[in-house]
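Undergrad: Structure supplied as data_34.cif; contents: mmCIF, C-alpha atoms.
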data_coords
#
loop_
_atom_site.group_PDB
_atom_site.id
_atom_site.type_symbol
_atom_site.label_atom_id
_atom_site.label_comp_id
_atom_site.auth_asym_id
_atom_site.auth_seq_id
_atom_site.Cartn_x
_atom_site.Cartn_y
_atom_site.Cartn_z
ATOM 1 C CA MET J 1 -64.436 21.060 -8.990
ATOM 2 C CA SER J 2 -63.073 17.686 -8.046
ATOM 3 C CA GLU J 3 -59.839 16.670 -6.372
ATOM 4 C CA ALA J 4 -59.017 14.801 -9.581
ATOM 5 C CA GLU J 5 -59.124 18.078 -11.477
ATOM 6 C CA VAL J 6 -56.631 19.606 -9.063
ATOM 7 C CA GLU J 7 -54.479 16.530 -9.487
ATOM 8 C CA THR J 8 -54.433 17.017 -13.243
ATOM 9 C CA GLY J 9 -53.325 20.581 -12.692
ATOM 10 C CA ALA J 10 -50.436 19.454 -10.514
ATOM 11 C CA GLU J 11 -49.265 16.977 -13.132
ATOM 12 C CA ALA J 12 -49.284 19.730 -15.750
ATOM 13 C CA GLU J 13 -47.620 22.359 -13.566
ATOM 14 C CA VAL J 14 -44.846 23.136 -16.054
ATOM 15 C CA SER J 15 -47.264 23.889 -18.883
ATOM 16 C CA ARG J 16 -49.540 25.755 -16.496
ATOM 17 C CA ASP J 17 -46.720 28.148 -15.647
ATOM 18 C CA ASP J 18 -47.058 29.490 -19.172
ATOM 19 C CA LEU J 19 -50.828 29.749 -18.889
ATOM 20 C CA ALA J 20 -50.641 31.314 -15.421
ATOM 21 C CA ALA J 21 -48.778 34.299 -16.830
ATOM 22 C CA GLU J 22 -52.068 35.338 -18.460
ATOM 23 C CA LEU J 23 -54.069 35.080 -15.236
ATOM 24 C CA PRO J 24 -54.746 38.099 -13.000
ATOM 25 C CA LEU J 25 -52.443 38.374 -10.012
ATOM 26 C CA TYR J 26 -53.638 36.964 -6.707
ATOM 27 C CA PRO J 27 -53.939 40.096 -4.504
ATOM 28 C CA GLY J 28 -52.969 38.669 -1.118
ATOM 29 C CA LEU J 29 -52.542 40.602 2.109
ATOM 30 C CA GLY J 30 -51.008 44.055 2.182
ATOM 31 C CA LEU J 31 -48.550 45.286 4.788
ATOM 32 C CA ASP J 32 -51.391 46.917 6.735
ATOM 33 C CA ARG J 33 -52.743 43.438 7.520
ATOM 34 C CA ILE J 34 -49.441 41.910 8.611
ATOM 35 C CA THR J 35 -47.995 42.067 12.125
ATOM 36 C CA LEU J 36 -44.415 41.139 12.957
ATOM 37 C CA VAL J 37 -45.020 40.025 16.531
ATOM 38 C CA GLN J 38 -42.316 41.455 18.795
ATOM 39 C CA SER J 39 -44.011 43.077 21.802
ATOM 40 C CA ASP J 40 -46.277 41.995 24.648
ATOM 41 C CA ALA J 41 -49.138 44.017 23.181
ATOM 42 C CA GLN J 42 -48.720 42.387 19.782
ATOM 43 C CA ARG J 43 -48.534 38.933 21.349
ATOM 44 C CA ALA J 44 -51.769 39.592 23.250
ATOM 45 C CA LEU J 45 -53.599 40.657 20.090
ATOM 46 C CA ALA J 46 -52.211 37.690 18.156
ATOM 47 C CA ALA J 47 -53.279 35.264 20.884
ATOM 48 C CA GLN J 48 -56.798 36.691 20.981
ATOM 49 C CA ALA J 49 -57.266 36.416 17.216
ATOM 50 C CA LEU J 50 -55.535 33.101 16.560
ATOM 51 C CA LEU J 51 -56.892 31.095 19.497
ATOM 52 C CA ALA J 52 -60.451 32.211 18.712
ATOM 53 C CA ALA J 53 -60.267 30.985 15.103
ATOM 54 C CA ASP J 54 -61.662 27.668 13.899
ATOM 55 C CA ALA J 55 -58.795 27.394 11.415
ATOM 56 C CA ILE J 56 -55.595 29.317 10.693
ATOM 57 C CA GLY J 57 -53.006 29.330 7.919
ATOM 58 C CA PHE J 58 -49.617 27.974 8.978
ATOM 59 C CA ASP J 59 -46.113 28.017 7.521
ATOM 60 C CA SER J 60 -42.516 28.576 8.566
ATOM 61 C CA GLU J 61 -39.379 29.955 6.923
ATOM 62 C CA SER J 62 -35.734 29.047 7.457
ATOM 63 C CA LYS J 63 -32.495 30.669 6.381
ATOM 64 C CA PRO J 64 -31.215 28.487 3.514
ATOM 65 C CA THR J 65 -28.057 26.406 3.781
ATOM 66 C CA PHE J 66 -25.554 26.496 0.930
ATOM 67 C CA ARG J 67 -22.504 24.531 2.080
ATOM 68 C CA LYS J 68 -22.343 20.747 1.873
ATOM 69 C CA GLY J 69 -22.938 19.272 5.306
ATOM 70 C CA GLU J 70 -24.237 22.552 6.723
ATOM 71 C CA VAL J 71 -27.059 21.985 9.201
ATOM 72 C CA SER J 72 -30.027 24.342 9.177
ATOM 73 C CA THR J 73 -30.689 26.303 12.352
ATOM 74 C CA GLY J 74 -34.274 26.972 11.307
ATOM 75 C CA PRO J 75 -37.061 27.641 11.531
ATOM 76 C CA HIS J 76 -36.354 31.347 11.865
ATOM 77 C CA LEU J 77 -39.896 32.609 11.294
ATOM 78 C CA VAL J 78 -43.318 31.088 11.973
ATOM 79 C CA GLN J 79 -46.332 32.484 10.150
ATOM 80 C CA LEU J 80 -49.915 32.135 11.367
ATOM 81 C CA ALA J 81 -52.889 33.749 9.631
ATOM 82 C CA THR J 82 -56.563 34.347 10.292
ATOM 83 C CA ASP J 83 -58.994 35.184 7.499
ATOM 84 C CA ASP J 84 -58.036 38.840 7.527
ATOM 85 C CA HIS J 85 -54.613 39.144 9.179
ATOM 86 C CA ALA J 86 -51.223 37.432 9.352
ATOM 87 C CA TYR J 87 -48.981 37.262 12.411
ATOM 88 C CA LEU J 88 -45.276 36.596 11.925
ATOM 89 C CA PHE J 89 -43.270 35.276 14.862
ATOM 90 C CA PRO J 90 -39.452 35.606 14.719
ATOM 91 C CA VAL J 91 -38.083 32.491 16.410
ATOM 92 C CA ALA J 92 -35.148 34.523 17.755
ATOM 93 C CA ASP J 93 -37.681 36.262 20.026
ATOM 94 C CA ALA J 94 -37.816 33.753 22.880
ATOM 95 C CA ALA J 95 -40.661 35.682 24.508
ATOM 96 C CA GLY J 96 -43.003 34.424 21.815
ATOM 97 C CA HIS J 97 -42.194 30.720 22.162
ATOM 98 C CA ALA J 98 -44.795 29.971 24.837
ATOM 99 C CA LEU J 99 -47.553 31.537 22.747
ATOM 100 C CA LEU J 100 -46.450 29.673 19.630
ATOM 101 C CA LYS J 101 -46.578 26.422 21.563
ATOM 102 C CA GLU J 102 -50.028 27.212 22.938
ATOM 103 C CA ILE J 103 -51.439 28.005 19.500
ATOM 104 C CA LEU J 104 -49.772 25.237 17.516
ATOM 105 C CA GLN J 105 -50.659 22.591 20.092
ATOM 106 C CA ALA J 106 -54.245 23.809 20.564
ATOM 107 C CA PRO J 107 -56.416 20.821 19.518
ATOM 108 C CA GLY J 108 -59.423 23.004 18.717
ATOM 109 C CA VAL J 109 -57.671 25.164 16.119
ATOM 110 C CA LEU J 110 -57.056 23.600 12.692
ATOM 111 C CA LYS J 111 -53.699 24.576 11.191
ATOM 112 C CA VAL J 112 -53.730 24.562 7.394
ATOM 113 C CA GLY J 113 -50.719 24.733 5.082
ATOM 114 C CA PHE J 114 -48.681 23.136 2.318
ATOM 115 C CA GLY J 115 -45.817 20.686 2.875
ATOM 116 C CA LEU J 116 -46.219 20.654 6.638
ATOM 117 C CA GLY J 117 -44.067 17.593 7.292
ATOM 118 C CA ASN J 118 -40.890 19.645 7.449
ATOM 119 C CA ASP J 119 -42.521 22.374 9.554
ATOM 120 C CA ARG J 120 -43.592 19.755 12.045
ATOM 121 C CA SER J 121 -40.138 18.200 12.366
ATOM 122 C CA VAL J 122 -38.131 21.419 12.675
ATOM 123 C CA LEU J 123 -40.490 22.883 15.272
ATOM 124 C CA LYS J 124 -40.177 19.731 17.355
ATOM 125 C CA ALA J 125 -36.378 19.748 17.064
ATOM 126 C CA ARG J 126 -35.858 23.469 17.660
ATOM 127 C CA LEU J 127 -38.654 24.503 20.030
ATOM 128 C CA ASP J 128 -40.043 21.232 21.391
ATOM 129 C CA ILE J 129 -43.393 22.081 19.805
ATOM 130 C CA THR J 130 -45.519 19.242 18.455
ATOM 131 C CA PRO J 131 -48.219 20.878 16.303
ATOM 132 C CA GLN J 132 -51.674 19.350 16.688
ATOM 133 C CA ASN J 133 -54.649 19.247 14.300
ATOM 134 C CA LEU J 134 -52.794 19.843 11.023
ATOM 135 C CA LEU J 135 -54.213 19.714 7.490
ATOM 136 C CA ASP J 136 -51.678 19.528 4.673
ATOM 137 C CA LEU J 137 -53.463 20.848 1.589
ATOM 138 C CA GLY J 138 -50.666 19.610 -0.640
ATOM 139 C CA GLU J 139 -51.784 16.084 0.181
ATOM 140 C CA THR J 140 -55.497 16.760 0.630
ATOM 141 C CA LEU J 141 -55.995 18.303 -2.815
ATOM 142 C CA ARG J 142 -54.247 15.593 -4.809
ATOM 143 C CA GLY J 143 -56.183 12.741 -6.390
ATOM 144 C CA PRO J 144 -55.867 9.191 -5.039
ATOM 145 C CA ALA J 145 -53.629 8.004 -7.896
ATOM 146 C CA HIS J 146 -51.240 10.962 -7.804
ATOM 147 C CA ARG J 147 -47.880 10.430 -6.131
ATOM 148 C CA GLY J 148 -46.826 14.061 -5.785
ATOM 149 C CA THR J 149 -48.430 16.931 -3.933
ATOM 150 C CA VAL J 150 -50.362 19.962 -5.123
ATOM 151 C CA GLY J 151 -48.642 23.322 -4.650
ATOM 152 C CA ALA J 152 -50.173 26.680 -3.776
ATOM 153 C CA LYS J 153 -49.634 28.055 -7.298
ATOM 154 C CA VAL J 154 -51.650 25.279 -8.938
ATOM 155 C CA ALA J 155 -54.348 25.461 -6.271
ATOM 156 C CA VAL J 156 -54.743 29.250 -6.606
ATOM 157 C CA ALA J 157 -55.042 28.944 -10.387
ATOM 158 C CA HIS J 158 -57.597 26.150 -9.987
ATOM 159 C CA PHE J 159 -59.835 27.637 -7.296
ATOM 160 C CA PHE J 160 -59.444 31.369 -7.928
ATOM 161 C CA GLY J 161 -58.366 31.646 -11.575
ATOM 162 C CA GLN J 162 -55.456 33.799 -10.416
ATOM 163 C CA ARG J 163 -51.660 33.717 -10.424
ATOM 164 C CA PHE J 164 -49.954 33.287 -7.052
ATOM 165 C CA GLN J 165 -46.595 34.985 -7.439
ATOM 166 C CA LYS J 166 -43.665 33.676 -5.397
ATOM 167 C CA SER J 167 -40.179 35.114 -5.736
ATOM 168 C CA LYS J 168 -37.453 32.472 -5.520
ATOM 169 C CA LYS J 169 -35.010 35.204 -4.499
ATOM 170 C CA THR J 170 -37.184 36.189 -1.549
ATOM 171 C CA GLY J 171 -37.944 32.590 -0.642
ATOM 172 C CA THR J 172 -34.231 31.810 -0.338
ATOM 173 C CA SER J 173 -33.346 35.040 1.467
ATOM 174 C CA ASN J 174 -32.007 35.364 5.020
ATOM 175 C CA TRP J 175 -34.981 34.706 7.262
ATOM 176 C CA ALA J 176 -32.765 34.956 10.342
ATOM 177 C CA HIS J 177 -32.025 38.639 9.689
ATOM 178 C CA PRO J 178 -33.208 40.823 12.590
ATOM 179 C CA ARG J 179 -34.812 43.300 10.179
ATOM 180 C CA LEU J 180 -36.963 41.585 7.571
ATOM 181 C CA SER J 181 -37.678 43.487 4.363
ATOM 182 C CA GLU J 182 -41.161 44.394 3.157
ATOM 183 C CA ARG J 183 -40.830 41.736 0.444
ATOM 184 C CA GLN J 184 -40.032 39.115 3.063
ATOM 185 C CA LEU J 185 -43.002 40.161 5.202
ATOM 186 C CA LEU J 186 -45.389 39.951 2.244
ATOM 187 C CA TYR J 187 -43.965 36.635 1.046
ATOM 188 C CA ALA J 188 -44.126 34.997 4.469
ATOM 189 C CA ALA J 189 -47.565 36.332 5.397
ATOM 190 C CA ASN J 190 -49.191 35.304 2.153
ATOM 191 C CA ASP J 191 -47.698 31.822 2.220
ATOM 192 C CA ALA J 192 -49.715 31.197 5.382
ATOM 193 C CA HIS J 193 -52.778 33.248 4.456
ATOM 194 C CA VAL J 194 -53.291 31.764 0.990
ATOM 195 C CA ALA J 195 -53.430 28.283 2.517
ATOM 196 C CA LEU J 196 -56.359 29.325 4.699
ATOM 197 C CA MET J 197 -58.143 30.968 1.758
ATOM 198 C CA LEU J 198 -57.695 27.808 -0.315
ATOM 199 C CA TYR J 199 -59.001 25.691 2.547
ATOM 200 C CA ARG J 200 -62.155 27.830 2.703
ATOM 201 C CA ALA J 201 -62.595 27.511 -1.070
ATOM 202 C CA TRP J 202 -62.031 23.756 -0.963
ATOM 203 C CA LEU J 203 -64.700 23.351 1.729
ATOM 204 C CA LYS J 204 -67.232 25.186 -0.457
ATOM 205 C CA ASN J 205 -66.468 22.953 -3.436
ATOM 206 C CA ARG J 206 -66.463 19.560 -1.710
#
Before we go any further, please render this structure as C-alpha cells.

TA:
Amino acid sequence: MSEAEVETGAEAEVSRDDLAAELPLYPGLGLDRITLVQSDAQRALAAQALLAADAIGFDSESKPTFRKGEVSTGPHLVQLATDDHAYLFPVADAAGHALLKEILQAPGVLKVGFGLGNDRSVLKARLDITPQNLLDLGETLRGPAHRGTVGAKVAVAHFFGQRFQKSKKTGTSNWAHPRLSERQLLYAANDAHVALMLYRAWLKNR
C-alpha cells in the first residue's frame, strides 16, 4: 500500500462514505480499557504506561463555540493512548497538568494523531505546554501532490478495511461538562487510540 493510494482515497472521500457503509465496523476500545484520569492513583498508572511507550496516540477535545466572536476556552479534554489503553485527562483538573506537560514534552515518546496543529496551539495558549516529537498522520499519509490531509475514516478503510464511526453529535457535545457520558468517553478515547493503531499499520506497510 502506497501513500499515493491513501491520497486517492482522501480525494474520493465523499464517494467512499457510501462504500464505507458496507464495511465492517472498526471495533475500537471498550469502556473497560478507558480511564478518565482524576485521582493520584490513576495519574500514577497513566504516567507509568505512557512514559514507557515508544509512541502514543494523541488528541484533544474542546467545547464548541456557537456565537459569532465567541472565543473557545478549550481544550477541555486531552486524550493519550497506548496500544491497549486510553487515558483521558480533563483539563479542569489542575492536578493533572504537570503530568500532561511531562508526557507531551517528553522527547523520547512519539505522539501520533490527526490534525495536530490546532492541538499544539491551544495547549500552548491554555496550559503553556509545547508538545514535542509529534507526527501528524493527516499530513504523513497524503501523497506529495495532494493539498488536503487524510482523515482517520479514510485511513481506517484503507489500512483495515473497516468503517470508523464518528458521531457528529458527540463530537460537538459539551466536553467541558464535569460528567462525560459513555459516548463521549468512547469517542474521545478512540480518536487517540485509532491514530496509534494506524501508525503501527503504516510502519508495517512502508

Undergrad: Taking 2 positions as the minimum chain separation for residues in the same chain, which residues sit within 12 Å of Ala95 in chain J when counting all atoms listed in the file? Answer as a list in words.

TA: Val37, Gln38, Ser39, Asp40, Ala41, Gln42, Arg43, Ala44, Phe89, Pro90, Val91, Ala92, Asp93, His97, Ala98, Leu99, Leu100 and Lys101 of chain J

Undergrad: Which value, in Å to one decimal, gives the distance between CA of Leu51 in chain J and CA of Tyr87 in chain J?

TA: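 Straight-line distance from CA of Leu51 in chain J to CA of Tyr87 in chain J works out to 12.3 Å.
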
Undergrad: Take the PyMOL selection byres ((chain J and resi 131) around 6), apply it to the structure above, and return the hits as a ChimeraX atom specification.

TA: /J:104-105,130,132

Undergrad: How would the residues just chosen look if you wrote them out with C-alpha atoms as a compact mmCIF listing (two decimals), in the frame of the given file?

TA:
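What follows is the written file selection-v2.txt:
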# COMPACT_ATOMS: atom_id res chain seq x y z
CA LEU J 104 -49.77 25.24 17.52
CA GLN J 105 -50.66 22.59 20.09
CA THR J 130 -45.52 19.24 18.45
CA GLN J 132 -51.67 19.35 16.69

Undergrad: Check which residues satisfy the PyMOL selection byres ((chain J and resi 193) around 8) in the file shown, then give them as a PyMOL selection string.

TA: chain J and resi 28-29+56-58+80-83+85-86+189-192+194-197

Undergrad: Which distance in Å separates CA of Pro178 in chain J and CA of Leu134 in chain J, to one decimal?

TA: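 CA of Leu134 in chain J lies 28.7 Å from CA of Pro178 in chain J.
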
Undergrad: So which one's closest to Leu127 in chain J, J:Gln162, J:Pro75, J:Asp84, J:Asp59? Using only C-alpha atoms, please.

TA: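 For Leu127 in chain J, the nearest of the candidates is J:Pro75.
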